[in-house]
$ cat query_9.csv   # CSV, C-alpha atoms
chain,number,residue,atom,x,y,z
I,1031,MET,CA,139.1,46.2,53.4
I,1032,GLU,CA,136.3,48.7,53.8
I,1033,LEU,CA,134.7,47.1,56.8
I,1034,LEU,CA,137.9,47.0,58.8
I,1035,GLU,CA,138.8,50.6,57.9
I,1036,LYS,CA,135.4,51.7,59.1
I,1037,GLU,CA,135.8,49.8,62.4
I,1038,ILE,CA,139.3,51.3,62.9
I,1039,ALA,CA,138.0,54.8,62.1
I,1040,LYS,CA,135.1,54.4,64.5
I,1041,LYS,CA,136.7,52.5,67.4
I,1042,GLY,CA,140.5,52.9,67.1
I,1043,LYS,CA,142.3,55.2,69.4
I,1044,VAL,CA,145.4,57.2,68.3
I,1045,LEU,CA,147.9,57.6,71.1
I,1046,PRO,CA,151.2,59.5,71.2
I,1047,GLY,CA,154.3,57.5,70.1
I,1048,ASN,CA,152.7,56.0,66.9
I,1049,VAL,CA,150.4,53.8,68.9
I,1050,LEU,CA,147.1,52.8,67.4
I,1051,LYS,CA,144.9,51.0,69.9
I,1052,VAL,CA,142.4,48.5,68.5
I,1053,GLY,CA,142.3,46.2,71.4
I,1054,ASP,CA,138.5,46.7,71.8
I,1055,PHE,CA,137.7,44.7,68.7
I,1056,LEU,CA,140.7,43.5,66.9
I,1057,ASN,CA,143.6,42.0,68.8
I,1058,HIS,CA,142.8,41.8,72.5
I,1059,GLN,CA,139.1,41.7,72.8
I,1060,MET,CA,137.9,40.4,69.4
I,1061,ASP,CA,134.8,40.7,67.4
I,1062,ALA,CA,134.6,37.2,65.9
I,1063,SER,CA,132.4,38.2,63.0
I,1064,LEU,CA,134.8,41.0,62.0
I,1065,LEU,CA,137.8,38.6,62.2
I,1066,CYS,CA,135.9,36.0,60.2
I,1067,ALA,CA,135.2,38.5,57.4
I,1068,MET,CA,138.9,39.4,57.5
I,1069,ALA,CA,139.9,35.7,57.3
I,1070,ASP,CA,137.6,35.3,54.3
I,1071,GLU,CA,139.2,38.2,52.5
I,1072,VAL,CA,142.7,36.8,53.2
I,1073,CYS,CA,141.7,33.4,51.9
I,1074,LYS,CA,140.2,34.8,48.7
I,1075,HIS,CA,143.6,36.5,48.0
I,1076,PHE,CA,145.9,33.5,48.9
I,1077,PHE,CA,143.7,30.6,47.9
I,1078,CYS,CA,145.6,29.7,44.7
I,1079,TYR,CA,149.0,29.3,46.5
I,1080,GLY,CA,148.4,25.8,47.9
I,1081,ILE,CA,149.3,27.0,51.4
I,1082,ASN,CA,149.6,24.2,54.0
I,1083,LYS,CA,151.0,26.2,56.9
I,1084,VAL,CA,149.9,29.4,58.6
I,1085,LEU,CA,152.7,30.9,60.7
I,1086,THR,CA,152.3,33.6,63.4
I,1087,VAL,CA,153.8,34.8,66.6
I,1088,GLU,CA,152.1,34.8,70.0
I,1089,ALA,CA,149.8,36.2,71.1
I,1090,SER,CA,147.6,38.7,69.2
I,1091,GLY,CA,148.1,37.1,65.7
I,1092,ILE,CA,146.9,33.7,66.8
I,1093,ALA,CA,143.1,34.3,66.4
I,1094,LEU,CA,143.3,35.6,62.8
I,1095,ALA,CA,145.9,32.9,62.0
I,1096,VAL,CA,143.7,30.0,63.1
I,1097,LEU,CA,140.6,31.4,61.4
I,1098,ILE,CA,142.6,31.6,58.1
I,1099,ALA,CA,144.0,28.0,58.7
I,1100,GLU,CA,140.4,26.9,59.3
I,1101,ARG,CA,139.4,28.3,55.9
I,1102,LEU,CA,142.5,26.9,54.1
I,1103,ASP,CA,142.0,23.6,55.9
I,1104,CYS,CA,145.7,23.5,56.9
I,1105,LYS,CA,147.9,23.7,60.0
I,1106,MET,CA,148.8,26.8,62.0
I,1107,ALA,CA,151.8,27.2,64.2
I,1108,PHE,CA,153.0,30.1,66.3
I,1109,ALA,CA,156.4,31.2,67.5
I,1110,LYS,CA,156.8,31.8,71.2
I,1111,LYS,CA,158.4,34.7,72.9
I,1112,SER,CA,160.0,32.6,75.6
I,1113,LYS,CA,160.8,28.9,76.1
I,1114,ALA,CA,158.4,26.8,78.2
I,1115,LEU,CA,159.8,24.5,80.8
I,1116,ASN,CA,158.3,21.5,78.9
I,1117,ALA,CA,160.0,22.6,75.7
I,1118,ASP,CA,162.3,19.9,74.3
I,1119,GLY,CA,164.2,19.3,71.1
I,1120,ASP,CA,165.5,21.7,68.5
I,1121,PHE,CA,164.2,25.2,67.8
I,1122,TYR,CA,164.4,27.9,65.2
I,1123,SER,CA,165.1,31.2,66.8
I,1124,ALA,CA,165.1,34.7,65.4
I,1125,GLU,CA,165.6,38.2,66.8
I,1126,CYS,CA,162.4,40.2,67.2
I,1127,VAL,CA,162.3,43.5,69.0
I,1128,SER,CA,158.7,44.2,69.9
I,1129,PHE,CA,157.3,47.7,69.6
I,1130,THR,CA,155.1,47.3,72.7
I,1131,ARG,CA,157.3,44.9,74.7
I,1132,PRO,CA,161.0,45.9,74.2
I,1133,ASP,CA,162.2,43.4,76.8
I,1134,ASN,CA,161.4,40.4,74.6
I,1135,ASN,CA,163.8,40.0,71.7
I,1136,LEU,CA,163.9,36.4,70.7
I,1137,ILE,CA,161.1,34.2,69.3
I,1138,MET,CA,161.3,30.5,69.1
I,1139,LEU,CA,159.6,27.7,67.1
I,1140,PRO,CA,160.2,24.0,67.4
I,1141,LYS,CA,161.8,22.7,64.2
I,1142,PRO,CA,159.2,20.0,63.4
I,1143,TYR,CA,156.6,22.7,63.1
I,1144,LEU,CA,158.2,24.2,60.0
I,1145,LEU,CA,159.4,21.9,57.2
I,1146,SER,CA,161.3,22.5,54.0
I,1147,THR,CA,158.2,21.2,52.1
I,1148,ASP,CA,155.9,23.8,53.8
I,1149,LYS,CA,154.2,26.5,51.7
I,1150,VAL,CA,153.8,29.2,54.3
I,1151,LEU,CA,151.5,32.2,54.9
I,1152,ILE,CA,152.8,34.5,57.6
I,1153,VAL,CA,150.0,36.3,59.6
I,1154,ASP,CA,150.1,39.0,62.2
I,1155,ASP,CA,147.8,41.7,63.6
I,1156,PHE,CA,150.2,44.6,63.1
I,1157,LEU,CA,153.0,45.6,60.7
I,1158,ALA,CA,155.0,48.7,61.6
I,1159,VAL,CA,158.7,48.5,61.0
I,1160,GLY,CA,158.4,44.8,60.3
I,1161,ASN,CA,160.3,43.2,63.2
I,1162,ALA,CA,157.9,40.3,63.8
I,1163,THR,CA,157.3,39.5,60.1
I,1164,ASN,CA,161.1,39.7,59.4
I,1165,ALA,CA,161.8,37.3,62.3
I,1166,LEU,CA,159.2,34.9,60.9
I,1167,ARG,CA,160.6,35.3,57.4
I,1168,ASP,CA,164.0,34.4,58.9
I,1169,MET,CA,162.5,31.2,60.3
I,1170,VAL,CA,160.9,30.3,57.0
I,1171,LYS,CA,164.4,30.8,55.4
I,1172,GLN,CA,166.1,28.7,58.1
I,1173,ALA,CA,163.7,25.9,57.4
I,1174,GLY,CA,164.1,26.1,53.6
I,1175,ALA,CA,160.3,26.4,53.3
I,1176,THR,CA,158.5,28.4,50.6
I,1177,LEU,CA,157.1,31.8,51.6
I,1178,CYS,CA,153.8,32.3,49.7
I,1179,GLY,CA,153.0,35.6,51.2
I,1180,ILE,CA,152.4,37.7,54.3
I,1181,THR,CA,149.1,39.1,55.6
I,1182,VAL,CA,148.4,41.6,58.4
I,1183,ALA,CA,145.3,43.2,59.7
I,1184,VAL,CA,146.8,46.7,60.0
I,1185,GLU,CA,149.9,48.1,58.4
I,1186,LYS,CA,151.2,51.4,59.7
I,1187,GLY,CA,152.4,52.5,56.3
I,1188,PHE,CA,154.3,55.5,57.6
I,1189,GLN,CA,156.7,53.2,59.5
I,1190,GLY,CA,158.0,51.6,56.3
I,1191,GLY,CA,158.0,47.9,57.1
I,1192,GLY,CA,155.4,47.0,54.5
I,1193,ASP,CA,157.0,48.9,51.6
I,1194,LYS,CA,160.3,47.1,52.3
I,1195,ILE,CA,158.5,43.7,52.1
I,1196,ARG,CA,156.9,44.8,48.8
I,1197,ALA,CA,160.3,45.9,47.5
I,1198,ASP,CA,161.5,42.3,48.2
I,1199,GLY,CA,158.8,41.1,45.8
I,1200,ILE,CA,156.7,39.4,48.4
I,1201,ASP,CA,152.9,39.2,48.1
I,1202,LEU,CA,151.8,41.3,51.1
I,1203,LEU,CA,148.1,41.7,51.8
I,1204,SER,CA,147.5,44.4,54.5
I,1205,LEU,CA,143.7,44.6,55.2
I,1206,ALA,CA,144.1,48.2,56.2
I,1207,ILE,CA,147.0,50.6,55.7
I,1208,VAL,CA,147.2,53.6,57.9
I,1209,ASP,CA,149.3,56.3,56.2
I,1210,GLU,CA,148.7,59.1,58.7
I,1211,MET,CA,147.3,59.3,62.2
I,1212,ASN,CA,147.1,62.2,64.6
I,1213,PRO,CA,147.1,61.8,68.3
I,1214,ASP,CA,145.8,65.3,68.8
I,1215,THR,CA,142.8,65.1,66.5
I,1216,GLY,CA,142.4,61.3,66.4
I,1217,LYS,CA,142.3,61.5,62.6
I,1218,ILE,CA,143.4,58.4,60.7
I,1219,VAL,CA,144.1,58.5,56.9
I,1220,PHE,CA,144.0,55.1,55.1
I,1221,ARG,CA,146.0,54.4,52.0
I,1222,LYS,CA,143.8,53.7,48.9
I,1223,GLN,CA,144.3,50.1,47.8
R,597,MET,CA,135.4,13.4,72.6
R,598,GLU,CA,136.5,10.3,70.8
R,599,LEU,CA,138.4,12.0,67.9
R,600,LEU,CA,140.5,14.0,70.4
R,601,GLU,CA,141.2,11.0,72.6
R,602,LYS,CA,142.4,9.1,69.5
R,603,GLU,CA,144.7,11.9,68.5
R,604,ILE,CA,146.2,12.3,72.0
R,605,ALA,CA,146.7,8.5,72.2
R,606,LYS,CA,148.4,8.5,68.8
R,607,LYS,CA,150.5,11.7,68.9
R,608,GLY,CA,150.7,12.8,72.5
R,609,LYS,CA,154.0,12.3,74.4
R,610,VAL,CA,154.0,11.6,78.1
R,611,LEU,CA,157.1,13.1,79.8
R,612,PRO,CA,158.3,12.9,83.4
R,613,GLY,CA,156.8,15.4,85.8
R,614,ASN,CA,153.1,15.1,84.8
R,615,VAL,CA,153.8,16.6,81.4
R,616,LEU,CA,151.6,15.7,78.4
R,617,LYS,CA,153.0,17.1,75.2
R,618,VAL,CA,150.4,17.8,72.5
R,619,GLY,CA,152.1,20.7,70.8
R,620,ASP,CA,152.3,18.9,67.5
R,621,PHE,CA,148.6,19.2,66.8
R,622,LEU,CA,146.7,20.9,69.7
R,623,ASN,CA,148.2,23.9,71.3
R,624,HIS,CA,151.4,25.1,69.5
R,625,GLN,CA,151.1,23.7,66.0
R,626,MET,CA,147.4,23.2,65.5
R,627,ASP,CA,145.4,21.0,63.2
R,628,ALA,CA,142.7,23.4,62.2
R,629,SER,CA,140.2,20.6,61.3
R,630,LEU,CA,140.6,19.0,64.7
R,631,LEU,CA,140.2,22.3,66.5
R,632,CYS,CA,137.1,23.1,64.5
R,633,ALA,CA,135.5,19.7,65.5
R,634,MET,CA,136.3,20.5,69.1
R,635,ALA,CA,134.8,23.9,68.8
R,636,ASP,CA,131.6,22.3,67.3
R,637,GLU,CA,131.4,20.0,70.3
R,638,VAL,CA,131.8,22.8,72.8
R,639,CYS,CA,129.1,24.9,71.1
R,640,LYS,CA,126.7,22.0,71.0
R,641,HIS,CA,127.1,21.7,74.8
R,642,PHE,CA,126.9,25.4,75.7
R,643,PHE,CA,124.6,26.7,72.9
R,644,CYS,CA,121.6,27.2,75.2
R,645,TYR,CA,123.4,29.5,77.7
R,646,GLY,CA,123.2,32.7,75.7
R,647,ILE,CA,126.9,33.2,76.0
R,648,ASN,CA,128.2,36.6,74.7
R,649,LYS,CA,131.8,36.5,75.8
R,650,VAL,CA,134.5,33.8,75.5
R,651,LEU,CA,137.3,34.4,77.9
R,652,THR,CA,140.8,32.8,77.8
R,653,VAL,CA,144.4,33.5,78.7
R,654,GLU,CA,147.3,33.9,76.3
R,655,ALA,CA,148.6,32.1,74.4
R,656,SER,CA,147.6,28.5,73.7
R,657,GLY,CA,143.9,28.9,74.6
R,658,ILE,CA,143.3,31.6,72.0
R,659,ALA,CA,142.9,29.5,69.0
R,660,LEU,CA,140.1,27.2,70.4
R,661,ALA,CA,138.5,30.3,72.1
R,662,VAL,CA,138.2,32.2,68.8
R,663,LEU,CA,136.8,29.2,67.0
R,664,ILE,CA,134.2,28.9,69.7
R,665,ALA,CA,133.4,32.6,69.5
R,666,GLU,CA,133.0,32.3,65.8
R,667,ARG,CA,130.4,29.6,66.2
R,668,LEU,CA,128.6,31.4,69.1
R,669,ASP,CA,128.8,34.6,67.1
R,670,CYS,CA,130.2,36.6,70.1
R,671,LYS,CA,133.2,38.3,71.4
R,672,MET,CA,136.4,36.7,72.7
R,673,ALA,CA,138.9,38.3,75.0
R,674,PHE,CA,142.1,37.0,76.5
R,675,ALA,CA,144.0,37.9,79.7
R,676,LYS,CA,147.6,38.8,79.2
R,677,LYS,CA,150.5,37.5,81.3
R,678,SER,CA,152.3,40.9,81.3
R,679,LYS,CA,151.4,44.5,80.6
R,680,ALA,CA,152.2,45.9,77.2
R,681,LEU,CA,153.7,49.4,77.0
R,682,ASN,CA,150.6,50.7,75.2
R,683,ALA,CA,148.3,49.4,78.0
R,684,ASP,CA,146.2,52.1,79.5
R,685,GLY,CA,143.2,52.3,81.9
R,686,ASP,CA,142.0,50.0,84.5
R,687,PHE,CA,142.7,46.3,84.6
R,688,TYR,CA,141.4,43.2,86.4
R,689,SER,CA,144.3,41.2,87.7
R,690,ALA,CA,144.5,37.7,89.2
R,691,GLU,CA,147.2,35.4,90.6
R,692,CYS,CA,148.0,32.6,88.2
R,693,VAL,CA,151.0,30.3,88.8
R,694,SER,CA,151.7,28.6,85.5
R,695,PHE,CA,152.6,24.9,85.4
R,696,THR,CA,155.1,25.4,82.5
R,697,ARG,CA,156.2,29.0,83.2
R,698,PRO,CA,156.5,29.5,87.0
R,699,ASP,CA,158.0,33.0,86.6
R,700,ASN,CA,154.7,34.5,85.4
R,701,ASN,CA,152.2,34.8,88.2
R,702,LEU,CA,149.8,37.6,87.4
R,703,ILE,CA,147.4,37.8,84.5
R,704,MET,CA,145.6,41.0,83.4
R,705,LEU,CA,142.5,42.0,81.5
R,706,PRO,CA,141.3,45.6,80.7
R,707,LYS,CA,138.1,46.2,82.6
R,708,PRO,CA,136.1,47.2,79.5
R,709,TYR,CA,136.5,43.7,78.1
R,710,LEU,CA,134.5,42.1,80.9
R,711,LEU,CA,131.2,43.6,81.9
R,712,SER,CA,128.7,42.8,84.6
R,713,THR,CA,126.2,42.0,81.9
R,714,ASP,CA,128.5,39.4,80.2
R,715,LYS,CA,127.5,35.8,80.1
R,716,VAL,CA,130.9,34.1,80.0
R,717,LEU,CA,132.4,30.9,78.8
R,718,ILE,CA,136.0,30.3,80.1
R,719,VAL,CA,138.2,28.4,77.6
R,720,ASP,CA,141.6,26.9,77.9
R,721,ASP,CA,143.8,24.2,76.4
R,722,PHE,CA,144.8,22.4,79.6
R,723,LEU,CA,143.3,22.0,83.1
R,724,ALA,CA,145.6,20.5,85.7
R,725,VAL,CA,145.4,21.9,89.2
R,726,GLY,CA,143.2,24.7,87.9
R,727,ASN,CA,145.4,27.8,88.3
R,728,ALA,CA,144.5,29.5,85.0
R,729,THR,CA,140.8,28.7,85.2
R,730,ASN,CA,140.7,29.8,88.8
R,731,ALA,CA,142.3,33.1,87.9
R,732,LEU,CA,139.8,33.7,85.1
R,733,ARG,CA,136.9,32.8,87.4
R,734,ASP,CA,138.3,35.4,89.8
R,735,MET,CA,138.1,38.0,87.1
R,736,VAL,CA,134.5,37.0,86.2
R,737,LYS,CA,133.7,37.4,89.9
R,738,GLN,CA,135.5,40.8,90.1
R,739,ALA,CA,133.5,42.0,87.1
R,740,GLY,CA,130.2,40.8,88.5
R,741,ALA,CA,129.6,38.9,85.3
R,742,THR,CA,127.8,35.5,84.9
R,743,LEU,CA,129.9,32.4,84.5
R,744,CYS,CA,128.0,30.0,82.3
R,745,GLY,CA,130.7,27.3,82.2
R,746,ILE,CA,134.2,26.3,81.6
R,747,THR,CA,135.6,24.2,78.7
R,748,VAL,CA,139.1,22.8,78.2
R,749,ALA,CA,140.6,20.6,75.6
R,750,VAL,CA,142.5,18.3,78.0
R,751,GLU,CA,141.9,17.9,81.7
R,752,LYS,CA,144.5,16.0,83.6
R,753,GLY,CA,142.0,14.4,86.0
R,754,PHE,CA,144.6,13.0,88.4
R,755,GLN,CA,145.7,16.6,89.3
R,756,GLY,CA,142.3,17.4,90.8
R,757,GLY,CA,141.5,20.9,89.3
R,758,GLY,CA,138.5,19.6,87.3
R,759,ASP,CA,136.9,17.8,90.2
R,760,LYS,CA,137.1,20.9,92.4
R,761,ILE,CA,135.3,23.0,89.6
R,762,ARG,CA,132.6,20.3,89.4
R,763,ALA,CA,132.2,20.3,93.2
R,764,ASP,CA,131.5,24.1,92.9
R,765,GLY,CA,128.5,23.2,90.7
R,766,ILE,CA,130.0,24.7,87.5
R,767,ASP,CA,129.3,23.2,84.1
R,768,LEU,CA,132.7,22.0,83.1
R,769,LEU,CA,133.1,20.3,79.7
R,770,SER,CA,136.6,18.7,79.3
R,771,LEU,CA,136.9,17.3,75.8
R,772,ALA,CA,139.3,14.6,77.1
R,773,ILE,CA,140.1,13.7,80.6
R,774,VAL,CA,143.4,11.9,81.3
R,775,ASP,CA,143.1,9.9,84.5
R,776,GLU,CA,146.5,8.1,84.2
R,777,MET,CA,149.6,8.5,82.1
R,778,ASN,CA,152.9,6.7,82.3
R,779,PRO,CA,156.1,8.4,81.1
R,780,ASP,CA,157.9,5.0,81.0
R,781,THR,CA,155.4,3.1,78.8
R,782,GLY,CA,153.7,6.2,77.2
R,783,LYS,CA,150.3,4.7,78.1
R,784,ILE,CA,147.4,7.1,78.6
R,785,VAL,CA,144.1,6.2,80.3
R,786,PHE,CA,141.1,8.4,79.6
R,787,ARG,CA,138.2,8.8,81.9
R,788,LYS,CA,134.9,7.4,80.5
R,789,GLN,CA,132.4,10.2,80.0

$ encode --input "query_9.csv" --output "structure tokens"
Amino acid sequence: MELLEKEIAKKGKVLPGNVLKVGDFLNHQMDASLLCAMADEVCKHFFCYGINKVLTVEASGIALAVLIAERLDCKMAFAKKSKALNADGDFYSAECVSFTRPDNNLIMLPKPYLLSTDKVLIVDDFLAVGNATNALRDMVKQAGATLCGITVAVEKGFQGGGDKIRADGIDLLSLAIVDEMNPDTGKIVFRKQ
Amino acid sequence: MELLEKEIAKKGKVLPGNVLKVGDFLNHQMDASLLCAMADEVCKHFFCYGINKVLTVEASGIALAVLIAERLDCKMAFAKKSKALNADGDFYSAECVSFTRPDNNLIMLPKPYLLSTDKVLIVDDFLAVGNATNALRDMVKQAGATLCGITVAVEKGFQGGGDKIRADGIDLLSLAIVDEMNPDTGKIVFRKQ
């Protein structure tokens, strides 16, 4: 998506350790008009699937997920990284080692929020090695629901998670794929799509 | 807001310990059409303030916050409950004891996401004693920004946080105010607005 690539090239910061900071406009402070354009693009791609559930994990995927759910006129649910005190009932849980928060390794979703009849679109802000999306795929499988596809704002192509998902035959829409980035020069190379 | 009160009366669960569970449709799994109607209502009320920044705290306030930012065509930022490994630079921080997660007591927001020129609307899903909204107000004050108002989906009126905010002369829009709820009968009494 050209608009997103331009914004990343202009405002993204490449830091050592494979970190691409886009918190100014994409996943911490958010430019609503950019996120809406992204949600429009996602819905154009996935419109024909009959999706009735958008699934993400807290916290930075929630904004894009709800804007997509608004456009698909369906429900959105997010997996949590820890259990609240007022949590009750049965949960799906899945292993998820976070790139930026290695201390959290389990995500949880109440079972009633993911049904075997659900047609699911998984949404997240970033895809690197694929830990979060794999954990969400695991939950979809546990529920016996149908996975229609996965969409992410930014795929870090050089970390391989996206290509593994494609090799599994899953419809993955990455709005921008970064194939190279250099913390010394700040240069970012996008994959042609 | 009549539609929200009806949904809470129909689907909300009153649990012991002042807990109102609305996770099925409001703040964990979310009914996008209901949230959009709520965002419309909020924007009608705050439209004339010239708001350019919607501020919330992760995670369950993010969805409503971004839908409001979409309608006000402005930016949204959320405070985090812990610091990510790729966090850099200066942060605002404020004490925030959570009702459902008492182990987290500090929220953080990078300073560039809240400027002295910002006209801010604070958004959250719940308002009880007011810990989260007070922490966000503290950040707005630290930044020297202008607080235009506060909006929440559900105010638990009997816990007093909302009335304290009103006593400070702040424009608070609570889309539903629960004045009584009974875990034995499940009965919920809303404040007439």

$ atom_distance --input "query_9.csv" --atom1 "CA of Ile1137 in chain I" --atom2 "CA of Ile1092 in chain I"
14.4 Å

$ residues_around --input "query_9.csv" --residues "range 1176-1192 of chain I" --least-positions-apart "4" --cutoff "7 Å" --atoms "only C-alpha atoms" --output "VMD selection string"
chain I and resid 1079 1148 to 1160 1170 1196 1200 to 1210

$ interface_residues --input "query_9.csv" --of "chain I" --to "chain R" --cutoff "8 Å" --atoms "only C-alpha atoms" --output "number ranges by chain"
I: 1049, 1051, 1054, 1058-1063, 1066, 1088-1089, 1092-1093, 1096-1097, 1099-1100, 1103-1108, 1114-1116, 1130-1131, 1143

$ closest_residue --input "query_9.csv" --among "R:Met597, R:Ile604, R:Leu732, R:Val610" --to "Cys692 in chain R" --atoms "all atoms listed in the file"
R:Leu732

$ atom_distance --input "query_9.csv" --atom1 "CA of Ser1123 in chain I" --atom2 "CA of Ala1175 in chain I"
15.1 Å

$ closest_residue --input "query_9.csv" --among "I:Leu1033, I:Ile1218, I:Ala1173, I:Cys1078" --to "Phe1121 in chain I" --atoms "all atoms listed in the file"
I:Ala1173

$ atom_distance --input "query_9.csv" --atom1 "CA of Thr1147 in chain I" --atom2 "CA of Asn1161 in chain I"
24.7 Å

$ residues_around --input "query_9.csv" --residues "Ala1039 in chain I" --least-positions-apart "6" --cutoff "9 Å" --atoms "all atoms listed in the file" --output "list in words"
Gly1216, Lys1217, Ile1218 and Val1219 of chain I

$ residues_around --input "query_9.csv" --residues "Gly1174 in chain I" --least-positions-apart "2" --cutoff "6 Å" --atoms "all atoms listed in the file" --output "short mmCIF file (atom, residue, chain, number, x, y, z; two decimals) with C-alpha atoms, in the frame of the given file"
data_model
loop_
_atom_site.label_atom_id
_atom_site.label_comp_id
_atom_site.auth_asym_id
_atom_site.auth_seq_id
_atom_site.Cartn_x
_atom_site.Cartn_y
_atom_site.Cartn_z
CA SER I 1146 161.30 22.50 54.00
CA LYS I 1171 164.40 30.80 55.40
CA GLN I 1172 166.10 28.70 58.10
#
